[in-house]
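A.B. asks: Below are the structure tokens for one structure; questions will follow.
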Protein chains: 2
Amino acid sequence: MSPKITTELLKQLRQVMKSPRYVQEPVQAYIVPSGDAHQSEYIAPCDCRRAFISGFDGSAGTAIVTEQHAAMWTDGRYFLQAAHQMDNNWTLMKMGLKDTPTQEDWLVSVLPEGSKVGVDPFIIPADQWKRMSKALRSAGHDLVPVKENLIDIIWTDCPQRPCKPLMTLDLSYTGVSWRDKIVALRSKMAERKVLWFVVTALDEVAWLFNLRGSDVEYNPVFFAYAVIGMNTIRLFIDGDRMLDPAVREHLQLDSTLEPEFKIQVMPYGSILAELQAVGAGLSPKEKVWLSDKASYALTEAIPKAYRYLTPYTPICIAKAVKNASETEGMRRAHIKDAVALCELFNWLEKEVVPKGTVTEIIAADKAEEFRSQQKDFVELSFATISSTGPNGAIIHYKPVPETNRTLSVNEIYLLDSGAQYKDGTTDVTRTMHFGTPSAYEKECFTYVLKGHIAVSAAIFPNGTKGHLLDSFARSALWDCGLDYLHGTGHGVGSFLNVHEGPCGISYKTFADEPLEAGMIVSDEPGYYEDGSFGIRIENVVLVIPAETKYNFKNRGSLTFEPLTLVPIQTKMIDVNLLTQKECNWVNGYHQKCREVIGAELERQGRHEALRWLIRETEPLVRVP
Amino acid sequence: MSPKITTELLKQLRQVMKSPRYVQEPVQAYIVPSGDAHQSEYIAPCDCRRAFISGFDGSAGTAIVTEQHAAMWTDGRYFLQAAHQMDNNWTLMKMGLKDTPTQEDWLVSVLPEGSKVGVDPFIIPADQWKRMSKALRSAGHDLVPVKENLIDIIWTDCPQRPCKPLMTLDLSYTGVSWRDKIVALRSKMAERKVLWFVVTALDEVAWLFNLRGSDVEYNPVFFAYAVIGMNTIRLFIDGDRMLDPAVREHLQLDSTLEPEFKIQVMPYGSILAELQAVGAGLSPKEKVWLSDKASYALTEAIPKAYRYLTPYTPICIAKAVKNASETEGMRRAHIKDAVALCELFNWLEKEVVPKGTVTEIIAADKAEEFRSQQKDFVELSFATISSTGPNGAIIHYKPVPETNRTLSVNEIYLLDSGAQYKDGTTDVTRTMHFGTPSAYEKECFTYVLKGHIAVSAAIFPNGTKGHLLDSFARSALWDCGLDYLHGTGHGVGSFLNVHEGPCGISYKTFADEPLEAGMIVSDEPGYYEDGSFGIRIENVVLVIPAETKYNFKNRGSLTFEPLTLVPIQTKMIDVNLLTQKECNWVNGYHQKCREVIGAELERQGRHEALRWLIRETEPLVRVP
């Protein structure tokens with residue numbers, strides 16, 4: 001792929017940064033964060049401002065443009081992609097490497113004395129504003145909110161904000177009604193003595209009201225805010241979506257309800273004014289609860305003394321612990337997903353080996369086709385990473401015509417993909433070889449597998465935070481001097497965002513919430529050899545109680561149960577590098593794949609895929 | 001041991017908390033932190049104010065006294081000890097447990113509206129002040145500095161501040177002269193563009209000037225501050241210690257020196273005034289570097305705009321990476337220490353088994369006696385934990401006549417001890433059984449050993465922080481539902497404090513500095529069964545480069561080399577629970593003990609202890 005030429009755009013941006021039409025005072029730097037006004041990871045096309053100005057369209061990155069410089073901060077997943085997509089106007093700042101300056105330090109090093117640094121207050125989270133503002137102030141500069149988004153001004157063909165119809169989810173999917181969720185939320189609010197709670201994250205709004213949308217690709221969410229009081233419910237949402245009789249019925253908009261469950265529907269754009277009105281009406285000791293990642297604009301609407309900020313909202317925490325209906329839904333979704341992948345891998349083996357005509361894009365499309373044949377399929381849960389050979393080393397690669405390689409019997413193929421089904425969200429990575437892998441490829445694959453198993457089979461006390469498990473995934477790689485530059489796992493939503501907080505498995509966080517039974521995370525160690533290949537083995541796993549001999553003096557034990565049930569290619573495994581215990585884990589896992597997915601393949605009459613599954617789940621034999 | 005009766009003392013304290021003679025306005029709560037004005041962990045008797053007011057004399061804990069309540073926060077090492085030592089006036093706040101409130105939250109929950117909370121500004125670190133002050137202010141209270149220490153007022157027989165002679169260390173011990181350390185420090189200051197550096201930690205003053213003292217038991221430090229400018233060196237120290245010709249010679253106080261190496265000696269008590277003078281004389285952009293753990297009083301002496309605060313000082317970081325002379329010294333110290341312990345364990349086996357007359361105190365004294373026979377022995381490095389049976393479960397137990405148990409063939413004996421030698425500091429824990437351990441005791445011991453080995457043999461990339469290794473030490477215990485409530489390792493000084501930053505191995509920190517070759521830490525997992533026994537296996541280990549197959553693409557690999565060379569009792573090991581690799585580790589370790597310590601025992605003519613060593617280092621045989 002060739003980089004986006006940004007010379008002219010940067011010139012225009014630098015002009016508006018100085019133009020009295022758009023800024024009260026000229027700004028010497030302008031920050032373009034990744035997110036939208038809801039701090040979403042996946043954003044609508046109209047919110048892809050950082051990609052527009054730089055060309056880099058990975059899911060994480062912050063651009064800063066000054067009079068002289070343009071710099072992009074992103075993490076290890078995107079070093080290669082960003083370097084490919086950006087032209088020479090841009091400097092890539094590799095986060096996580098020792099010598100990479102922070103955005104604040106870099107700004108201080110390049111700005112002339114007494115500079116103003118501008119940012120859209122709706123796009124920057126309050127916690128980032130605070131940190132950035134403090135660092136700049138202590139160096140004699142100022143962070144200033146710029147009301148009009150300066151990218152939008154130069155982005156003449158910016159698409160419209162989407163406003164698609166909503167889908168209602170009944171109790172069989174959600175397990176808990178929106179009314180009961182409101183009751184539980186209000187009880188958490190009472191515990192913390194807050195009177196109002198502001199729901200700013202799109203997946204939290206969707207979860208709270210048991211509604212789903214399709215305003216953002218891959219994430220079944222819709223643009224909305226909510227403000228929950230002890231006796232009021234306000235939903236800020238645009239369009240004629242509230243005219244849909246199913247939605248009106250679901251939210252009981254036309255019923256005679258107790259006033260505390262009556263939902264007031266208001267325009268999306270009125271949130272700031274309404275919140276300012278709430279803020280203005282507060283008495284001492286009356287508090288408003290917001291995420292500390294809510295936008296600076298909304299946070300500032302509440303006077304400081306009345307704010308109650310937490311890193312994770314009560315909705316975020318409640319949403320992470322799946323109830324029985326959600327867990328069963330996730331199981332069903334993963335069974336259907338496995339069926340689709342068995343079909344795909346069987347098809348690939350038939351097509352790749354003799355014909356050599358399958359490209360990364362064709363394979364990705366075929367995966368989507370098989371998934372879409374499954375019941376309650378809605379859409380993909382993220383852009384399929386279908387990558388062969390050196391493309392596999394680009395951690396969040398997405399095939400495009402310019403990079404599209406043909407699968408062959410000579411290269412490793414890495415497929416990281418997933419879907420949204422009405423009953424659950426999937427995310428699975430398998431790494432396959434359709435010819436004969438080299439000894440080195442097998443060695444690396446086996447270390448990654450050992451790490452995957454070490455996490456999946458880990459037993460740990462109740463209350464353990466996921467980040468404490470991250471090194472388990474790396475130990476086998478470390479022993480040979482190998483590592484990977486990303487975390488090991490993320491929370492997964494239930495027919496919601498494929499990445500969600502507040503739990504995960506990563507060396508990078510310390511503030512994750514403790515794991516508890518019912519939480520769902522991914523387990524996905526990898527190894528990447530730049531220019532050659534990528535390996536990743538990812539299952540979605542459910543946190544479940546474990547049986548241990550001594551049970552931590554009744555504190556309780558936890559472990560993981562894989563929800564993903566797709567064979568791990570045994571051809572890639574160097575069995576001699578596995579311990580007997582690891583070997584047993586693989587065989588037990590494959591046995592379960594055979595039983596559960598085999599039965600479903602049989603039921604769906606997919607006999608060829610079933611034969612593939614049987615073949616791929618032959619037990620490993622280790623010669624001691 | 002019976003608790004200290006504190007009713008009368010608390011009554012007196014509550015009186016002075018309201019007395020206009022001592023406080024400008026009455027304070028509704030008074031905080032008594034653990035430390036002294038240097039944030040030392042080990043403190044002089046005159047600084048043991050928290051122990052005086054509460055009876056609890058563990059090394060970590062914070063007391064807060066209000067009109068109605070008296071509460072003590074301490075961590076898992078001290079839950080039992082604090083509960084034993086405090087009377088019913090006190091509430092124990094078990095830090096690290098889920099339901100334990102923070103000090104701030106607790107204060108907010110018990111204080112009447114608009115309260116003042118007092119604290120001695122010399123004793124509270126600036127970072128704690130900031131956090132506490134902010135939390136109190138947001139709840140409508142105020143944290144106020146109380147100039148006179150209120151405990152000192154009611155402590156009528158408070159001992160005097162010690163002021164003992166100094167010891168000079170020559171290049172053969174330190175490897176680097178104090179002048180070269182000053183040069184290196186000034187270069188770090190220039191890098192960060194600061195003009196002044198304030199040395200507040202006692203071990204940092206001692207390290208910088210290559211001096212040692214004995215003002216604080218177990219820590220070879222002396223009460224002093226230093227302020228280093230780009231052209232000036234000020235040492236704040238009391239007494240006639242500077243009259244000692246050896247010290248004058250060492251510091252070149254009477255030589256004609258370049259002015260930038262001329263040390264100005266000033267009274268200890270003048271630090272605040274001098275620092276305020278420095279602060280008052282600063283021009284814009286001139287900064288003063290302090291630890292963010294320096295006292296609130298000293299931090300406030302520098303106007304906020306001129307402060308440069310970091311969690312770890314450049315001295316702390318330089319001190320942690322031992323040079324060749326220090327490493328060799330540490331090796332020598334550990335060899336001597338191992339000789340003493342071989343003598344002790346041999347003696348214990350002879351005395352305990354047939355006679356049954358050895359108590360915990362006698363054993364501790366004997367250990368000290370054997371250590372004191374070794375060359376360059378100075379003192380112990382901490383109070384010996386000599387504990388048998390249930391006392392072993394009190395993690396930082398120290399035997400006193402009331403608790404003193406007799407060692408027997410029926411109980412596990414845990415000895416955690418160490419010494420200061422002029423060439424290095426030791427800290428070693430061994431857990432022994434002089435009779436026949438139960439299967440359960442052996443099982444627990446073996447899990448602890450597996451954890452010890454997992455850390456000691458770990459290989460990890462350069463730049464890894466120690467906290468990422470903590471779970472390795474727990475994995476075998478976790479598998480069976482067991483855990484321990486303390487970190488796995490701490491930095492160890494070189495003839496300095498037995499606990500030092502900025503590195504360690506603990507699930508509790510995230511801000512530790514990355515491990516690098518030359519750092520020295522302890523590796524000490526454990527298991528504690530309340531009321532029954534304690535198990536801990538501790539070696540001091542040196543971070544060394546590792547050889548790996550792929551070497552992290554030239555990022556480099558690290559691992560540990562044990563400096564402690566004392567046999568691990570094989571009688572306590574259930575060999576069948578070890579992997580072959582673990583078994584090989586134990587045998588290799590014992591082989592090295594035999595060679596290195598055996599040679600030294602031979603050289604010292606300690607033949608009986610040598611025979612004990614040979615017996616104890618017989619290779620394990622694992623039946624596969």
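FYI, nothing fancy with the structure tokens labels: chains A, B, ... in order, residues from 1 per chain, ligands from 1 as they appear.
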Find the residues around stretch 240-243 of chain A up to 8 Å (only C-alpha atoms counted), leave out those fewer than 4 positions away in its own chain, and share them as an MDAnalysis selection string.

C.D. replies: chainID A and resid 163:166 247:248

A.B. asks: Take the residues just selected and output them with N, CA and C atoms as a PDB file, in the first residue's frame.

C.D. replies:
```
ATOM      1  N   CYS A 163     -27.261   6.940  11.585  1.00  0.00           N
ATOM      2  CA  CYS A 163     -28.435   6.995  12.451  1.00  0.00           C
ATOM      3  C   CYS A 163     -29.364   5.858  12.033  1.00  0.00           C
ATOM      4  N   LYS A 164     -28.903   4.622  12.265  1.00  0.00           N
ATOM      5  CA  LYS A 164     -29.581   3.442  11.736  1.00  0.00           C
ATOM      6  C   LYS A 164     -30.616   2.897  12.724  1.00  0.00           C
ATOM      7  N   PRO A 165     -31.523   2.060  12.248  1.00  0.00           N
ATOM      8  CA  PRO A 165     -32.574   1.518  13.128  1.00  0.00           C
ATOM      9  C   PRO A 165     -31.987   0.692  14.286  1.00  0.00           C
ATOM     10  N   LEU A 166     -32.784   0.549  15.331  1.00  0.00           N
ATOM     11  CA  LEU A 166     -32.344  -0.203  16.514  1.00  0.00           C
ATOM     12  C   LEU A 166     -32.913  -1.615  16.505  1.00  0.00           C
ATOM     13  N   VAL A 247     -39.393  -0.787  19.313  1.00  0.00           N
ATOM     14  CA  VAL A 247     -38.562  -0.066  20.270  1.00  0.00           C
ATOM     15  C   VAL A 247     -39.444   0.607  21.336  1.00  0.00           C
ATOM     16  N   ARG A 248     -40.550   1.210  20.894  1.00  0.00           N
ATOM     17  CA  ARG A 248     -41.460   1.887  21.836  1.00  0.00           C
ATOM     18  C   ARG A 248     -42.004   0.875  22.849  1.00  0.00           C
TER      19      ARG A 248
END
```

A.B. asks: Chain B residues within 6 Å of chain A, counting only C-alpha atoms: which ones, as a PDB file with C-alpha atoms, in the first residue's frame?

C.D. replies:
```pdb
ATOM      1  CA  ILE B 459      14.766 -15.864  31.592  1.00  0.00           C
ATOM      2  CA  PHE B 460      13.293 -12.557  30.487  1.00  0.00           C
ATOM      3  CA  TRP B 478      -1.993 -21.504  43.021  1.00  0.00           C
ATOM      4  CA  ASP B 479      -2.458 -24.828  41.247  1.00  0.00           C
ATOM      5  CA  CYS B 480      -3.313 -26.332  44.630  1.00  0.00           C
ATOM      6  CA  GLY B 481      -5.240 -23.393  46.015  1.00  0.00           C
ATOM      7  CA  LEU B 482      -2.441 -21.944  48.162  1.00  0.00           C
ATOM      8  CA  THR B 548      19.182 -17.565  24.869  1.00  0.00           C
ATOM      9  CA  LYS B 549      18.769 -19.143  21.477  1.00  0.00           C
ATOM     10  CA  TYR B 550      17.324 -16.028  19.830  1.00  0.00           C
ATOM     11  CA  ASN B 551      18.301 -13.245  22.280  1.00  0.00           C
ATOM     12  CA  PHE B 552      15.187 -11.074  21.730  1.00  0.00           C
TER      13      PHE B 552
END
```

A.B. asks: Would you compute the distance between atom CA of B:Leu92 and atom CA of B:Ile361? Give it in Å to one decimal.

C.D. replies: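 These atoms are spaced 27.8 Å apart.
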
A.B. asks: Show me, as a list in words, the residues that have an atom within 9 Å of A:Tyr397 when counting only C-alpha atoms, minus same-chain residues fewer than 5 positions from it.

C.D. replies: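 The residues satisfying every condition are Gly58, Arg77, Tyr78, Gln81, Ala383, Thr384, Ile385, Ser386, Ser387, Asn391 and Gly392 of chain A.
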
A.B. asks: Just want the 10 Å neighbourhood of B:Thr429, counted on only C-alpha atoms, with same-chain residues fewer than 6 positions away dropped. Output as JSON, numbers by chain.

C.D. replies: {"B": [384, 385, 386, 414, 415, 416, 417, 418, 523, 524, 526, 535, 536, 537, 538, 539, 540, 564, 566, 568]}

A.B. asks: Restricting it to N, CA and C atoms, dump the selection as a JSON list (two decimals), in the first residue's frame.

C.D. replies:
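Ended up saving to result-v3.json:
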```json
[["chain", "number", "residue", "atom", "x", "y", "z"],
["B", 384, "THR", "N", 16.65, -10.98, 63.50],
["B", 384, "THR", "CA", 16.54, -12.37, 63.08],
["B", 384, "THR", "C", 15.13, -12.91, 63.34],
["B", 385, "ILE", "N", 14.55, -13.49, 62.31],
["B", 385, "ILE", "CA", 13.27, -14.18, 62.44],
["B", 385, "ILE", "C", 13.59, -15.63, 62.70],
["B", 386, "SER", "N", 13.56, -16.01, 63.97],
["B", 386, "SER", "CA", 13.85, -17.38, 64.38],
["B", 386, "SER", "C", 12.53, -17.90, 64.94],
["B", 414, "LEU", "N", 11.73, -22.02, 60.94],
["B", 414, "LEU", "CA", 11.99, -21.06, 59.86],
["B", 414, "LEU", "C", 12.98, -20.02, 60.37],
["B", 415, "LEU", "N", 14.09, -19.87, 59.70],
["B", 415, "LEU", "CA", 15.10, -18.88, 60.09],
["B", 415, "LEU", "C", 15.33, -17.92, 58.92],
["B", 416, "ASP", "N", 14.94, -16.66, 59.15],
["B", 416, "ASP", "CA", 15.17, -15.61, 58.14],
["B", 416, "ASP", "C", 16.13, -14.63, 58.79],
["B", 417, "SER", "N", 17.36, -14.56, 58.27],
["B", 417, "SER", "CA", 18.38, -13.78, 58.96],
["B", 417, "SER", "C", 19.39, -13.26, 57.97],
["B", 418, "GLY", "N", 20.21, -12.33, 58.41],
["B", 418, "GLY", "CA", 21.22, -11.78, 57.53],
["B", 418, "GLY", "C", 22.13, -10.86, 58.30],
["B", 523, "ASP", "N", 14.70, -13.48, 46.37],
["B", 523, "ASP", "CA", 13.70, -14.37, 45.77],
["B", 523, "ASP", "C", 13.17, -15.19, 46.93],
["B", 524, "GLU", "N", 11.97, -14.86, 47.42],
["B", 524, "GLU", "CA", 11.53, -15.45, 48.68],
["B", 524, "GLU", "C", 10.05, -15.75, 48.76],
["B", 526, "GLY", "N", 6.80, -18.00, 49.89],
["B", 526, "GLY", "CA", 6.55, -18.69, 51.14],
["B", 526, "GLY", "C", 5.16, -19.29, 51.18],
["B", 535, "ILE", "N", 6.61, -21.44, 56.02],
["B", 535, "ILE", "CA", 7.66, -21.92, 55.11],
["B", 535, "ILE", "C", 8.09, -20.74, 54.24],
["B", 536, "ARG", "N", 9.40, -20.55, 54.14],
["B", 536, "ARG", "CA", 9.89, -19.56, 53.18],
["B", 536, "ARG", "C", 11.27, -20.02, 52.72],
["B", 537, "ILE", "N", 11.56, -19.83, 51.45],
["B", 537, "ILE", "CA", 12.88, -20.17, 50.91],
["B", 537, "ILE", "C", 13.40, -18.93, 50.22],
["B", 538, "GLU", "N", 14.43, -18.36, 50.78],
["B", 538, "GLU", "CA", 14.92, -17.08, 50.26],
["B", 538, "GLU", "C", 16.40, -17.11, 49.93],
["B", 539, "ASN", "N", 16.70, -16.75, 48.70],
["B", 539, "ASN", "CA", 18.07, -16.47, 48.28],
["B", 539, "ASN", "C", 18.17, -15.02, 47.84],
["B", 540, "VAL", "N", 19.35, -14.43, 48.01],
["B", 540, "VAL", "CA", 19.65, -13.17, 47.35],
["B", 540, "VAL", "C", 20.24, -13.53, 45.99],
["B", 564, "THR", "N", 23.33, -16.31, 47.46],
["B", 564, "THR", "CA", 23.18, -17.13, 48.65],
["B", 564, "THR", "C", 23.50, -18.58, 48.29],
["B", 566, "VAL", "N", 23.42, -21.65, 50.49],
["B", 566, "VAL", "CA", 23.15, -22.43, 51.69],
["B", 566, "VAL", "C", 22.22, -23.57, 51.29],
["B", 568, "ILE", "N", 19.35, -26.19, 50.68],
["B", 568, "ILE", "CA", 17.90, -26.21, 50.88],
["B", 568, "ILE", "C", 17.58, -27.61, 51.36]]
```

A.B. asks: Can you tell me, as a VMD selection string, which residues in stretch 40-79 of chain B count as alpha helix (DSSP H) by DSSP?

C.D. replies: chain B and resid 49 to 54 79
